[in-house]
$ cat structure_21.cif   # mmCIF, C-alpha atoms
data_target
#
loop_
_atom_site.label_atom_id
_atom_site.label_comp_id
_atom_site.auth_asym_id
_atom_site.auth_seq_id
_atom_site.Cartn_x
_atom_site.Cartn_y
_atom_site.Cartn_z
CA MET S 1 21.93 -6.50 13.33
CA ASN S 2 19.45 -9.14 12.19
CA ALA S 3 15.67 -8.83 12.20
CA ALA S 4 15.24 -11.04 15.27
CA ALA S 5 17.61 -8.85 17.28
CA ASP S 6 15.79 -5.72 16.08
CA LEU S 7 12.47 -7.11 17.33
CA ALA S 8 13.72 -8.42 20.67
CA PRO S 9 12.83 -5.35 22.80
CA PRO S 10 9.24 -4.94 21.50
CA ARG S 11 8.63 -8.69 21.70
CA ARG S 12 9.27 -8.51 25.43
CA LEU S 13 6.07 -6.47 25.62
CA ILE S 14 3.82 -9.27 24.39
CA GLY S 15 1.11 -9.61 27.02
CA ALA S 16 1.36 -5.94 28.00
CA GLU S 17 -1.49 -3.46 28.14
CA LEU S 18 -1.36 -0.50 25.74
CA SER S 19 -0.55 1.92 28.55
CA GLU S 20 2.71 0.02 29.15
CA LEU S 21 4.10 0.54 25.64
CA PRO S 22 6.81 3.09 24.80
CA THR S 23 5.37 5.79 22.56
CA PRO S 24 4.79 6.65 19.84
CA ALA S 25 3.79 3.09 18.95
CA LEU S 26 2.01 1.59 15.97
CA ILE S 27 -1.04 -0.37 17.16
CA LEU S 28 -2.86 -2.88 14.97
CA ASP S 29 -6.16 -4.34 16.16
CA LEU S 30 -6.17 -7.85 14.70
CA PRO S 31 -9.91 -8.64 14.89
CA THR S 32 -10.67 -5.44 12.97
CA VAL S 33 -8.09 -6.32 10.30
CA VAL S 34 -9.67 -9.76 9.91
CA ALA S 35 -13.11 -8.17 9.56
CA ASN S 36 -11.90 -5.63 6.96
CA ILE S 37 -10.24 -8.34 4.86
CA ALA S 38 -13.42 -10.42 4.97
CA GLU S 39 -15.56 -7.41 4.05
CA MET S 40 -13.45 -6.62 0.97
CA ALA S 41 -13.54 -10.27 -0.11
CA ARG S 42 -17.33 -10.17 0.24
CA ARG S 43 -17.57 -7.02 -1.87
CA MET S 44 -15.28 -8.37 -4.59
CA ALA S 45 -16.96 -11.79 -4.86
CA PRO S 46 -19.70 -10.82 -7.37
CA LEU S 47 -17.39 -8.69 -9.55
CA PRO S 48 -15.62 -9.98 -12.66
CA ALA S 49 -12.24 -8.55 -11.65
CA ALA S 50 -9.98 -10.28 -9.12
CA LEU S 51 -8.28 -8.54 -6.21
CA ARG S 52 -4.51 -8.20 -6.00
CA PRO S 53 -4.28 -5.99 -2.88
CA HIS S 54 -1.61 -3.35 -2.55
CA ALA S 55 0.93 -4.13 0.16
CA LYS S 56 2.49 -0.67 0.19
CA ILE S 57 -0.13 0.03 2.85
CA HIS S 58 1.08 -2.61 5.32
CA LYS S 59 4.52 -3.90 4.17
CA SER S 60 3.84 -7.15 6.00
CA PRO S 61 4.04 -10.75 4.69
CA GLN S 62 1.79 -11.83 7.58
CA LEU S 63 -0.97 -9.49 6.46
CA ALA S 64 -0.41 -10.39 2.80
CA ARG S 65 -0.93 -14.07 3.61
CA MET S 66 -4.21 -13.21 5.33
CA GLN S 67 -5.36 -11.42 2.17
CA LEU S 68 -4.37 -14.37 0.00
CA GLU S 69 -6.21 -16.77 2.29
CA ALA S 70 -9.31 -14.59 1.81
CA GLY S 71 -9.16 -15.03 -1.97
CA ALA S 72 -6.67 -12.49 -3.34
CA ILE S 73 -4.88 -13.72 -6.49
CA GLY S 74 -1.55 -12.17 -5.55
CA ILE S 75 0.00 -9.09 -3.98
CA THR S 76 0.86 -5.66 -5.37
CA THR S 77 3.83 -3.60 -4.21
CA ALA S 78 5.14 -0.15 -4.97
CA THR S 79 8.86 -0.99 -4.80
CA ILE S 80 11.16 -3.86 -5.64
CA TRP S 81 12.20 -4.04 -1.98
CA GLU S 82 8.61 -4.59 -0.89
CA ALA S 83 8.34 -7.26 -3.56
CA ALA S 84 11.51 -8.92 -2.26
CA THR S 85 10.12 -9.22 1.26
CA MET S 86 7.01 -10.90 -0.15
CA VAL S 87 8.77 -13.33 -2.49
CA ASP S 88 11.40 -14.20 0.14
CA ALA S 89 8.54 -14.96 2.53
CA GLY S 90 7.11 -17.46 0.04
CA ILE S 91 4.53 -15.21 -1.65
CA ALA S 92 5.28 -15.91 -5.30
CA ASP S 93 2.75 -13.83 -7.26
CA VAL S 94 3.77 -10.20 -6.81
CA LEU S 95 3.19 -7.24 -9.11
CA VAL S 96 5.53 -4.28 -8.72
CA ALA S 97 3.08 -1.59 -9.85
CA ASN S 98 5.93 0.66 -10.84
CA GLN S 99 8.90 0.91 -13.16
CA VAL S 100 11.95 -0.98 -11.87
CA VAL S 101 14.90 1.12 -12.97
CA GLY S 102 18.58 1.09 -11.99
CA PRO S 103 21.13 -1.74 -12.00
CA ARG S 104 20.60 -2.98 -8.44
CA LYS S 105 16.83 -2.88 -8.67
CA VAL S 106 16.82 -4.60 -12.04
CA ALA S 107 19.19 -7.29 -10.72
CA GLU S 108 16.87 -7.81 -7.75
CA LEU S 109 13.88 -8.20 -10.07
CA ALA S 110 15.78 -10.86 -12.02
CA ARG S 111 16.69 -12.64 -8.78
CA LEU S 112 13.05 -12.68 -7.70
CA ALA S 113 12.06 -14.13 -11.07
CA GLY S 114 14.12 -17.18 -10.16
CA ALA S 115 12.31 -17.57 -6.84
CA GLY S 116 8.76 -16.49 -7.64
CA ARG S 117 6.58 -15.00 -10.37
CA PRO S 118 7.09 -11.24 -10.11
CA LEU S 119 5.64 -8.81 -12.62
CA ALA S 120 6.83 -5.27 -13.30
CA LEU S 121 5.58 -2.31 -15.31
CA VAL S 122 7.51 -0.98 -18.30
CA ASP S 123 7.18 2.12 -20.44
CA ASP S 124 10.73 2.45 -21.82
CA ALA S 125 12.54 0.31 -24.40
CA ASP S 126 16.00 0.72 -22.88
CA ASN S 127 14.69 -0.37 -19.49
CA VAL S 128 13.11 -3.44 -21.12
CA ASP S 129 16.53 -4.32 -22.57
CA ARG S 130 18.22 -3.93 -19.18
CA ILE S 131 15.61 -6.13 -17.47
CA ALA S 132 16.02 -8.74 -20.22
CA ALA S 133 19.80 -8.73 -19.88
CA ALA S 134 19.60 -9.14 -16.09
CA ALA S 135 17.09 -11.95 -16.47
CA HIS S 136 19.38 -13.71 -18.96
CA ARG S 137 22.30 -13.47 -16.53
CA ALA S 138 20.10 -14.92 -13.79
CA GLY S 139 18.77 -17.69 -16.01
CA ALA S 140 15.22 -16.39 -15.54
CA GLU S 141 12.39 -14.69 -17.40
CA VAL S 142 10.61 -11.57 -16.10
CA GLY S 143 6.93 -10.96 -16.79
CA VAL S 144 6.05 -7.36 -17.66
CA LEU S 145 2.96 -5.24 -18.22
CA VAL S 146 3.06 -2.30 -20.61
CA GLU S 147 1.88 0.78 -18.74
CA LEU S 148 -0.35 3.24 -20.56
CA ASP S 149 -1.08 6.67 -19.13
CA VAL S 150 -4.88 6.83 -18.92
CA GLY S 151 -5.03 10.37 -17.52
CA LEU S 152 -2.98 10.45 -14.32
CA ARG S 153 -0.01 12.04 -16.15
CA ARG S 154 2.52 10.23 -13.99
CA ALA S 155 4.21 7.20 -15.58
CA GLY S 156 3.13 5.24 -18.63
CA LEU S 157 3.30 5.71 -22.38
CA ARG S 158 1.25 8.61 -23.65
CA SER S 159 -0.31 6.89 -26.68
CA VAL S 160 -1.73 3.51 -27.62
CA ALA S 161 0.57 3.41 -30.66
CA ALA S 162 3.68 3.86 -28.50
CA ALA S 163 2.48 1.19 -26.07
CA VAL S 164 1.88 -1.28 -28.92
CA ALA S 165 5.35 -0.57 -30.31
CA LEU S 166 6.89 -1.34 -26.92
CA ALA S 167 4.83 -4.51 -26.60
CA GLU S 168 6.09 -5.68 -30.00
CA ARG S 169 9.65 -5.05 -28.89
CA ILE S 170 9.07 -7.07 -25.70
CA GLU S 171 7.72 -9.91 -27.83
CA ARG S 172 11.04 -9.99 -29.76
CA THR S 173 13.25 -9.79 -26.64
CA PRO S 174 14.37 -12.96 -24.83
CA GLY S 175 14.37 -12.70 -21.03
CA VAL S 176 11.11 -10.75 -20.77
CA ARG S 177 7.56 -11.92 -21.42
CA LEU S 178 4.59 -9.70 -22.17
CA ARG S 179 1.73 -10.53 -19.80
CA GLY S 180 -0.65 -7.69 -20.61
CA ALA S 181 -1.42 -4.02 -19.94
CA PHE S 182 -1.72 -1.67 -16.97
CA GLY S 183 -3.49 1.67 -16.73
CA TYR S 184 -4.03 3.23 -13.31
CA GLU S 185 -6.84 5.78 -13.09
CA GLY S 186 -5.36 7.50 -10.03
CA HIS S 187 -6.66 10.89 -11.13
CA CYS S 188 -10.18 9.57 -10.53
CA MET S 189 -9.50 8.02 -7.15
CA PHE S 190 -10.23 11.01 -4.92
CA GLU S 191 -13.05 12.64 -6.87
CA PRO S 192 -15.65 13.40 -4.14
CA ASP S 193 -18.64 13.50 -6.49
CA ARG S 194 -19.68 9.89 -7.05
CA ALA S 195 -21.24 10.43 -10.48
CA GLU S 196 -18.18 12.31 -11.70
CA ARG S 197 -15.87 9.63 -10.30
CA VAL S 198 -17.78 6.99 -12.25
CA ARG S 199 -17.61 9.03 -15.44
CA LYS S 200 -13.88 9.69 -15.13
CA ALA S 201 -13.01 6.12 -14.18
CA GLU S 202 -15.02 4.59 -17.03
CA ALA S 203 -13.36 6.98 -19.49
CA ALA S 204 -9.91 6.00 -18.19
CA ASN S 205 -10.77 2.29 -18.39
CA ALA S 206 -11.87 2.81 -22.00
CA VAL S 207 -8.44 4.19 -22.88
CA LEU S 208 -6.77 1.12 -21.38
CA LEU S 209 -9.11 -1.17 -23.31
CA GLU S 210 -8.17 0.59 -26.55
CA LEU S 211 -4.66 -0.70 -25.92
CA VAL S 212 -5.92 -4.18 -25.10
CA ASP S 213 -7.82 -4.27 -28.41
CA ALA S 214 -4.78 -3.05 -30.34
CA LEU S 215 -2.59 -5.71 -28.72
CA ALA S 216 -5.12 -8.43 -29.47
CA VAL S 217 -5.24 -7.47 -33.17
CA ARG S 218 -1.49 -8.12 -33.32
CA GLY S 219 -1.76 -11.39 -31.42
CA LEU S 220 -0.02 -9.96 -28.35
CA SER S 221 -0.80 -10.97 -24.78
CA THR S 222 -3.84 -9.51 -23.07
CA GLU S 223 -3.85 -12.12 -20.30
CA ILE S 224 -3.67 -9.44 -17.59
CA VAL S 225 -5.57 -6.15 -17.78
CA ALA S 226 -4.78 -4.33 -14.56
CA ALA S 227 -6.11 -1.10 -13.08
CA GLY S 228 -8.04 0.25 -10.12
CA GLY S 229 -7.57 1.26 -6.52
CA LEU S 230 -9.78 1.57 -3.47
CA GLY S 231 -11.50 4.71 -4.70
CA THR S 232 -12.67 2.96 -7.89
CA TRP S 233 -12.88 -0.65 -6.69
CA ASP S 234 -16.54 -1.06 -7.61
CA ILE S 235 -16.28 0.87 -10.88
CA THR S 236 -13.16 -0.56 -12.46
CA GLY S 237 -13.76 -3.89 -10.73
CA ALA S 238 -17.17 -4.17 -12.42
CA ASN S 239 -15.71 -3.84 -15.92
CA PRO S 240 -15.85 -7.36 -17.40
CA ARG S 241 -12.64 -6.79 -19.35
CA ILE S 242 -10.51 -5.69 -16.37
CA THR S 243 -8.91 -8.80 -14.88
CA GLU S 244 -7.58 -7.38 -11.60
CA ILE S 245 -7.65 -4.33 -9.33
CA HIS S 246 -5.19 -3.24 -6.65
CA ALA S 247 -7.18 -1.74 -3.78
CA GLY S 248 -5.33 -1.93 -0.47
CA SER S 249 -6.13 0.75 2.11
CA TYR S 250 -9.36 -1.02 3.12
CA ILE S 251 -7.25 -3.28 5.35
CA PHE S 252 -6.60 -0.47 7.88
CA SER S 253 -8.81 2.41 6.83
CA ASP S 254 -7.95 5.89 8.21
CA VAL S 255 -9.56 9.31 8.36
CA PHE S 256 -9.21 9.89 4.61
CA HIS S 257 -10.16 6.45 3.32
CA ARG S 258 -13.00 6.05 5.84
CA ASN S 259 -14.71 9.03 4.23
CA LEU S 260 -13.81 8.00 0.66
CA VAL S 261 -15.04 4.39 0.90
CA PRO S 262 -17.25 3.78 3.96
CA GLY S 263 -17.82 0.42 5.57
CA PHE S 264 -14.33 -0.51 6.76
CA GLU S 265 -13.46 -0.03 10.42
CA PRO S 266 -10.26 1.74 11.56
CA ALA S 267 -7.74 -0.96 12.55
CA LEU S 268 -4.52 1.06 12.78
CA THR S 269 -3.83 3.67 15.44
CA VAL S 270 -0.81 5.43 16.88
CA LEU S 271 -0.42 5.39 20.64
CA ALA S 272 1.00 8.62 22.06
CA THR S 273 1.73 10.01 25.53
CA ILE S 274 0.75 13.40 26.91
CA ILE S 275 4.08 15.04 27.75
CA SER S 276 2.85 18.56 28.57
CA LYS S 277 -0.45 20.22 29.38
CA ALA S 278 -1.82 23.73 29.77
CA GLY S 279 -5.50 23.86 30.55
CA ALA S 280 -7.44 22.05 27.85
CA MET S 281 -4.44 21.90 25.51
CA ALA S 282 -2.31 18.76 25.79
CA VAL S 283 0.91 18.07 23.86
CA LEU S 284 1.65 14.55 22.62
CA ASP S 285 5.01 12.90 21.85
CA CYS S 286 3.84 12.22 18.29
CA GLY S 287 4.11 14.44 15.24
CA ARG S 288 4.73 14.47 11.51
CA LYS S 289 7.59 11.99 11.93
CA SER S 290 5.28 9.37 13.42
CA ILE S 291 1.81 9.81 11.95
CA GLY S 292 0.58 10.41 8.40
CA ILE S 293 -1.22 13.70 7.84
CA ASP S 294 -1.54 13.33 4.06
CA ARG S 295 -5.00 14.31 2.77
CA ALA S 296 -6.58 14.46 6.27
CA LEU S 297 -5.68 15.29 9.85
CA PRO S 298 -5.47 12.55 12.48
CA GLU S 299 -8.35 12.16 14.93
CA LEU S 300 -8.49 11.26 18.60
CA VAL S 301 -9.92 7.82 19.38
CA GLY S 302 -12.13 7.37 22.43
CA VAL S 303 -11.38 10.80 23.87
CA GLY S 304 -13.42 13.96 23.52
CA GLY S 305 -11.38 16.63 21.80
CA GLU S 306 -9.82 17.60 18.50
CA ILE S 307 -6.66 18.33 16.56
CA ARG S 308 -6.34 21.56 14.63
CA PHE S 309 -3.61 22.25 12.10
CA GLU S 310 -3.15 25.94 12.80
CA HIS S 311 -0.44 28.38 13.76
CA GLY S 312 -0.28 29.43 17.37
CA GLU S 313 -1.67 27.19 20.11
CA HIS S 314 -2.74 24.26 17.96
CA PHE S 315 -0.21 22.42 15.81
CA ILE S 316 1.35 19.29 14.43
CA HIS S 317 5.13 19.62 14.50
CA GLU S 318 7.83 17.02 13.79
CA GLU S 319 7.72 15.39 17.24
CA HIS S 320 4.68 17.06 18.84
CA THR S 321 0.95 17.28 18.30
CA ALA S 322 -1.32 19.57 20.27
CA ILE S 323 -4.80 18.35 21.08
CA VAL S 324 -7.64 20.36 22.57
CA LEU S 325 -9.54 18.28 25.13
CA ALA S 326 -13.27 18.60 25.49
CA ASP S 327 -12.77 18.15 29.25
CA GLU S 328 -9.46 19.54 30.45
CA GLU S 329 -9.61 17.40 33.60
CA SER S 330 -10.08 14.11 31.70
CA LEU S 331 -6.37 13.46 31.05
CA ALA S 332 -3.08 14.32 32.72
CA VAL S 333 0.61 14.31 31.84
CA GLY S 334 1.72 10.70 31.44
CA ASP S 335 -1.63 9.43 30.17
CA THR S 336 -1.77 7.82 26.74
CA VAL S 337 -4.18 8.43 23.87
CA ARG S 338 -4.68 6.79 20.50
CA LEU S 339 -4.79 8.67 17.22
CA LEU S 340 -6.41 7.52 14.00
CA PRO S 341 -3.98 8.47 11.20
CA GLY S 342 -5.07 10.85 8.51
CA TYR S 343 -3.36 8.52 6.03
CA SER S 344 -2.26 5.01 7.00
CA PRO S 345 0.31 4.08 4.29
CA THR S 346 2.70 6.89 5.23
CA THR S 347 2.10 6.26 8.93
CA VAL S 348 3.28 2.63 8.62
CA ASN S 349 6.43 3.78 6.83
CA PHE S 350 7.65 5.52 10.02
CA TYR S 351 7.80 2.30 12.06
CA ASP S 352 9.84 -0.88 12.32
CA SER S 353 7.04 -3.00 13.78
CA TYR S 354 3.38 -3.33 14.66
CA TYR S 355 2.10 -4.10 18.14
CA ILE S 356 -0.65 -6.62 17.38
CA THR S 357 -3.49 -6.28 19.86
CA GLU S 358 -6.64 -8.15 20.80
CA ASP S 359 -8.98 -6.96 23.55
CA GLY S 360 -6.52 -4.26 24.57
CA LEU S 361 -3.53 -6.58 25.10
CA VAL S 362 -0.43 -6.99 22.95
CA THR S 363 -0.54 -10.52 21.52
CA ASP S 364 2.34 -10.32 19.04
CA VAL S 365 4.83 -8.04 17.28
CA TRP S 366 5.10 -8.10 13.48
CA PRO S 367 7.87 -6.40 11.49
CA VAL S 368 7.31 -3.67 8.92
CA LEU S 369 9.52 -4.69 6.00
CA GLY S 370 10.75 -3.35 2.69
CA ARG S 371 11.05 0.30 3.69
CA TYR S 372 14.58 0.82 2.42
CA GLY S 373 17.13 -0.58 -0.04
CA SER S 374 18.59 -4.04 -0.13
CA GLU S 375 20.96 -3.63 2.82
CA THR S 376 18.09 -3.27 5.28
CA THR S 377 15.46 -5.54 3.81
CA GLY S 378 17.42 -8.76 4.08
CA THR S 379 17.02 -9.48 0.38
CA GLY S 380 20.55 -10.81 0.08
CA THR S 381 21.71 -8.68 -2.82
#

$ encode --input "structure_21.cif" --output "structure tokens"
Amino acid sequence: MNAAADLAPPRRLIGAELSELPTPALILDLPTVVANIAEMARRMAPLPAALRPHAKIHKSPQLARMQLEAGAIGITTATIWEAATMVDAGIADVLVANQVVGPRKVAELARLAGAGRPLALVDDADNVDRIAAAAHRAGAEVGVLVELDVGLRRAGLRSVAAAVALAERIERTPGVRLRGAFGYEGHCMFEPDRAERVRKAEAANAVLLELVDALAVRGLSTEIVAAGGLGTWDITGANPRITEIHAGSYIFSDVFHRNLVPGFEPALTVLATIISKAGAMAVLDCGRKSIGIDRALPELVGVGGEIRFEHGEHFIHEEHTAIVLADEESLAVGDTVRLLPGYSPTTVNFYDSYYITEDGLVTDVWPVLGRYGSETTGTGT
């Protein structure tokens, strides 16, 4: 089934009010998105670093184009399939902020290098060789950034010396081109104490810059020095030697990110229907399979009441969420409510499309793309 056929039923609801939508439904308030994009552009304008926003949050070429029009230098993705949806939509400058490993993924990266200007992270010599071989077969060249672990203890080489050695190997390998270095300070991102977050982020940035200096001594590329996320946008972004940061969750905000970085309005909600009710407790047709609860619980929007993640009467199950209404007479079975996700990136990943709304009416339907492998993203591989 093609994408147009998949979207046919929801597109019939353009012009509908929210109460007419089948639930659970992913609701995106377009004016708020526009305002959030403009606000981030305003904040980034005086900083030396550029913004390459992370599209893992929205998985939408339409939203990516809006970010580019507001001044972003390119787009960041978490997977090669997300990158494919961007490049195939005409968005050429895409960084896969991850290792691209495995024959099909590597082949897809090489294909994209013939259509756009994708970048990928590397921290393994054998993987560099496989990328180079795929690029040679495709008649292309793949740009890569050497990833250095700056404290997150996830991916990345564990020493500057090892990262330099890999960079030198890249320099000798046809089919790949060294573009610079990457060091994500993710372990600093959620530090609640502002002073401690600054200290940790600056220390992590200093480790990355040690690599940049070592590369420069050997005449190796330091064109791109990439780091940073929303939690450190104004710390890492203020470093005059960091060329780009990858903040992304500002576009939607959510319960968690609203508290981490204030000033961005919630744009993404999940519409749910009350399917059962007992006194002040109402049960919704929305649970862990349709709303992100990572790092924070969802919140009710425009309705007095709360969600509690407890055993017994109050719960969030796979397909159900119990809410406790402040006024048990305010809503009945069949009424709809909106929930602000605890975490928006995982919420988006549950859905095939957004209902785009303005002034309470559905004005369009946009697909959520790049959630799976090549067979379902339309990448043609």

$ residues_near_point --input "structure_21.cif" --point "(-11.1, 12.6, -9.6)" --cutoff "12 Å" --atoms "only C-alpha atoms" --output "JSON, numbers by chain"
{"S": [151, 152, 185, 186, 187, 188, 189, 190, 191, 192, 193, 194, 195, 196, 197, 198, 199, 200, 201, 202, 203, 204, 231, 232, 260]}

$ resolve_selection --input "structure_21.cif" --expression "the PyMOL selection byres ((chain S and resi 126) around 12)" --output "ChimeraX atom specification"
/S:100-102,122-125,127-133,166,169-170,173

$ closest_atom_pairs --input "structure_21.cif" --of "stretch 218-300 of chain S" --to "stretch 60-75 of chain S" --cutoff "9 Å" --atoms "all atoms listed in the file" --output "tab-separated table"
residue	atom	partner	partner_atom	distance
S:Glu244	CA	S:Ile73	CA	8.6
S:His246	CA	S:Ile75	CA	8.3
S:Ile251	CA	S:Leu63	CA	8.9

$ resolve_selection --input "structure_21.cif" --expression "the PyMOL selection byres ((chain S and resi 332) around 9)" --output "PDB file with C-alpha atoms, in the frame of the given file"
ATOM      1  CA  ILE S 274       0.750  13.400  26.910  1.00  0.00           C
ATOM      2  CA  ILE S 275       4.080  15.040  27.750  1.00  0.00           C
ATOM      3  CA  SER S 276       2.850  18.560  28.570  1.00  0.00           C
ATOM      4  CA  LYS S 277      -0.450  20.220  29.380  1.00  0.00           C
ATOM      5  CA  ALA S 282      -2.310  18.760  25.790  1.00  0.00           C
ATOM      6  CA  GLU S 328      -9.460  19.540  30.450  1.00  0.00           C
ATOM      7  CA  GLU S 329      -9.610  17.400  33.600  1.00  0.00           C
ATOM      8  CA  SER S 330     -10.080  14.110  31.700  1.00  0.00           C
ATOM      9  CA  LEU S 331      -6.370  13.460  31.050  1.00  0.00           C
ATOM     10  CA  VAL S 333       0.610  14.310  31.840  1.00  0.00           C
ATOM     11  CA  GLY S 334       1.720  10.700  31.440  1.00  0.00           C
ATOM     12  CA  ASP S 335      -1.630   9.430  30.170  1.00  0.00           C
ATOM     13  CA  THR S 336      -1.770   7.820  26.740  1.00  0.00           C
TER      14      THR S 336
END

$ resolve_selection --input "structure_21.cif" --expression "the PyMOL selection byres ((chain S and resi 234) around 10)" --output "JSON, numbers by chain"
{"S": [43, 44, 47, 49, 198, 228, 229, 230, 231, 232, 233, 235, 236, 237, 238, 239, 245]}

$ closest_residue --input "structure_21.cif" --among "S:Thr357, S:Asn259, S:Ser221, S:Asn36" --to "S:Glu17" --atoms "only C-alpha atoms"
S:Thr357

$ closest_residue --input "structure_21.cif" --among "S:Leu271, S:Leu369, S:Ala16, S:Val212" --to "S:Thr79" --atoms "only C-alpha atoms"
S:Leu369

$ closest_residue --input "structure_21.cif" --among "S:Arg288, S:Asp254, S:Thr363, S:Pro262" --to "S:Ser344" --atoms "only C-alpha atoms"
S:Asp254

$ closest_residue --input "structure_21.cif" --among "S:Val34, S:Ala247, S:Val337, S:Ala216" --to "S:Leu51" --atoms "only C-alpha atoms"
S:Ala247

$ residues_around --input "structure_21.cif" --residues "S:Pro341" --least-positions-apart "2" --cutoff "10 Å" --atoms "only C-alpha atoms" --output "list in words"
Phe252, Ser253, Asp254, Val255, Phe256, Pro266, Leu268, Thr269, Val270, Ser290, Ile291, Gly292, Ile293, Asp294, Ala296, Leu297, Pro298, Glu299, Leu300, Arg338, Leu339, Tyr343, Ser344, Pro345, Thr346, Thr347 and Val348 of chain S

$ write_last_selection --input "structure_21.cif" --atoms "C-alpha atoms" --output "short mmCIF file (atom, residue, chain, number, x, y, z; two decimals), keeping the file's coordinate frame"
data_model
loop_
_atom_site.label_atom_id
_atom_site.label_comp_id
_atom_site.auth_asym_id
_atom_site.auth_seq_id
_atom_site.Cartn_x
_atom_site.Cartn_y
_atom_site.Cartn_z
CA PHE S 252 -6.60 -0.47 7.88
CA SER S 253 -8.81 2.41 6.83
CA ASP S 254 -7.95 5.89 8.21
CA VAL S 255 -9.56 9.31 8.36
CA PHE S 256 -9.21 9.89 4.61
CA PRO S 266 -10.26 1.74 11.56
CA LEU S 268 -4.52 1.06 12.78
CA THR S 269 -3.83 3.67 15.44
CA VAL S 270 -0.81 5.43 16.88
CA SER S 290 5.28 9.37 13.42
CA ILE S 291 1.81 9.81 11.95
CA GLY S 292 0.58 10.41 8.40
CA ILE S 293 -1.22 13.70 7.84
CA ASP S 294 -1.54 13.33 4.06
CA ALA S 296 -6.58 14.46 6.27
CA LEU S 297 -5.68 15.29 9.85
CA PRO S 298 -5.47 12.55 12.48
CA GLU S 299 -8.35 12.16 14.93
CA LEU S 300 -8.49 11.26 18.60
CA ARG S 338 -4.68 6.79 20.50
CA LEU S 339 -4.79 8.67 17.22
CA TYR S 343 -3.36 8.52 6.03
CA SER S 344 -2.26 5.01 7.00
CA PRO S 345 0.31 4.08 4.29
CA THR S 346 2.70 6.89 5.23
CA THR S 347 2.10 6.26 8.93
CA VAL S 348 3.28 2.63 8.62
#

$ closest_residue --input "structure_21.cif" --among "S:Arg11, S:Arg158, S:Arg179, S:Arg172" --to "S:Glu223" --atoms "only C-alpha atoms"
S:Arg179

$ closest_residue --input "structure_21.cif" --among "S:Pro367, S:Gly360, S:Gly183, S:Gly302" --to "S:Leu340" --atoms "all atoms listed in the file"
S:Gly302

$ atom_distance --input "structure_21.cif" --atom1 "atom CA of S:Thr23" --atom2 "atom CA of S:Leu284"
9.5 Å

$ residues_near_point --input "structure_21.cif" --point "(14.8, -6.9, -8.0)" --cutoff "10 Å" --atoms "only C-alpha atoms" --output "list in words"
Thr79, Ile80, Trp81, Glu82, Ala83, Ala84, Val96, Val100, Val101, Gly102, Pro103, Arg104, Lys105, Val106, Ala107, Glu108, Leu109, Ala110, Arg111, Leu112, Ala113, Pro118, Ala120, Ile131, Ala134, Ser374, Thr379 and Thr381 of chain S

$ decode --input "structure_21.cif" --residues "stretch 60-78 of chain S" --atoms "C-alpha atoms" --output "short mmCIF file (atom, residue, chain, number, x, y, z; two decimals), in the first residue's frame"
data_model
loop_
_atom_site.label_atom_id
_atom_site.label_comp_id
_atom_site.auth_asym_id
_atom_site.auth_seq_id
_atom_site.Cartn_x
_atom_site.Cartn_y
_atom_site.Cartn_z
CA SER S 60 8.51 14.99 9.19
CA PRO S 61 10.03 16.59 6.06
CA GLN S 62 7.37 19.32 6.29
CA LEU S 63 8.51 20.32 9.75
CA ALA S 64 12.17 19.99 8.76
CA ARG S 65 11.63 22.45 5.90
CA MET S 66 10.08 24.92 8.34
CA GLN S 67 13.19 24.67 10.53
CA LEU S 68 15.47 25.19 7.54
CA GLU S 69 13.46 28.23 6.44
CA ALA S 70 14.01 29.65 9.94
CA GLY S 71 17.79 29.42 9.56
CA ALA S 72 18.83 25.85 10.41
CA ILE S 73 21.93 24.72 8.48
CA GLY S 74 20.68 21.17 8.00
CA ILE S 75 18.82 18.37 9.76
CA THR S 76 19.95 15.71 12.24
CA THR S 77 18.46 12.22 12.38
CA ALA S 78 18.93 9.22 14.63
#
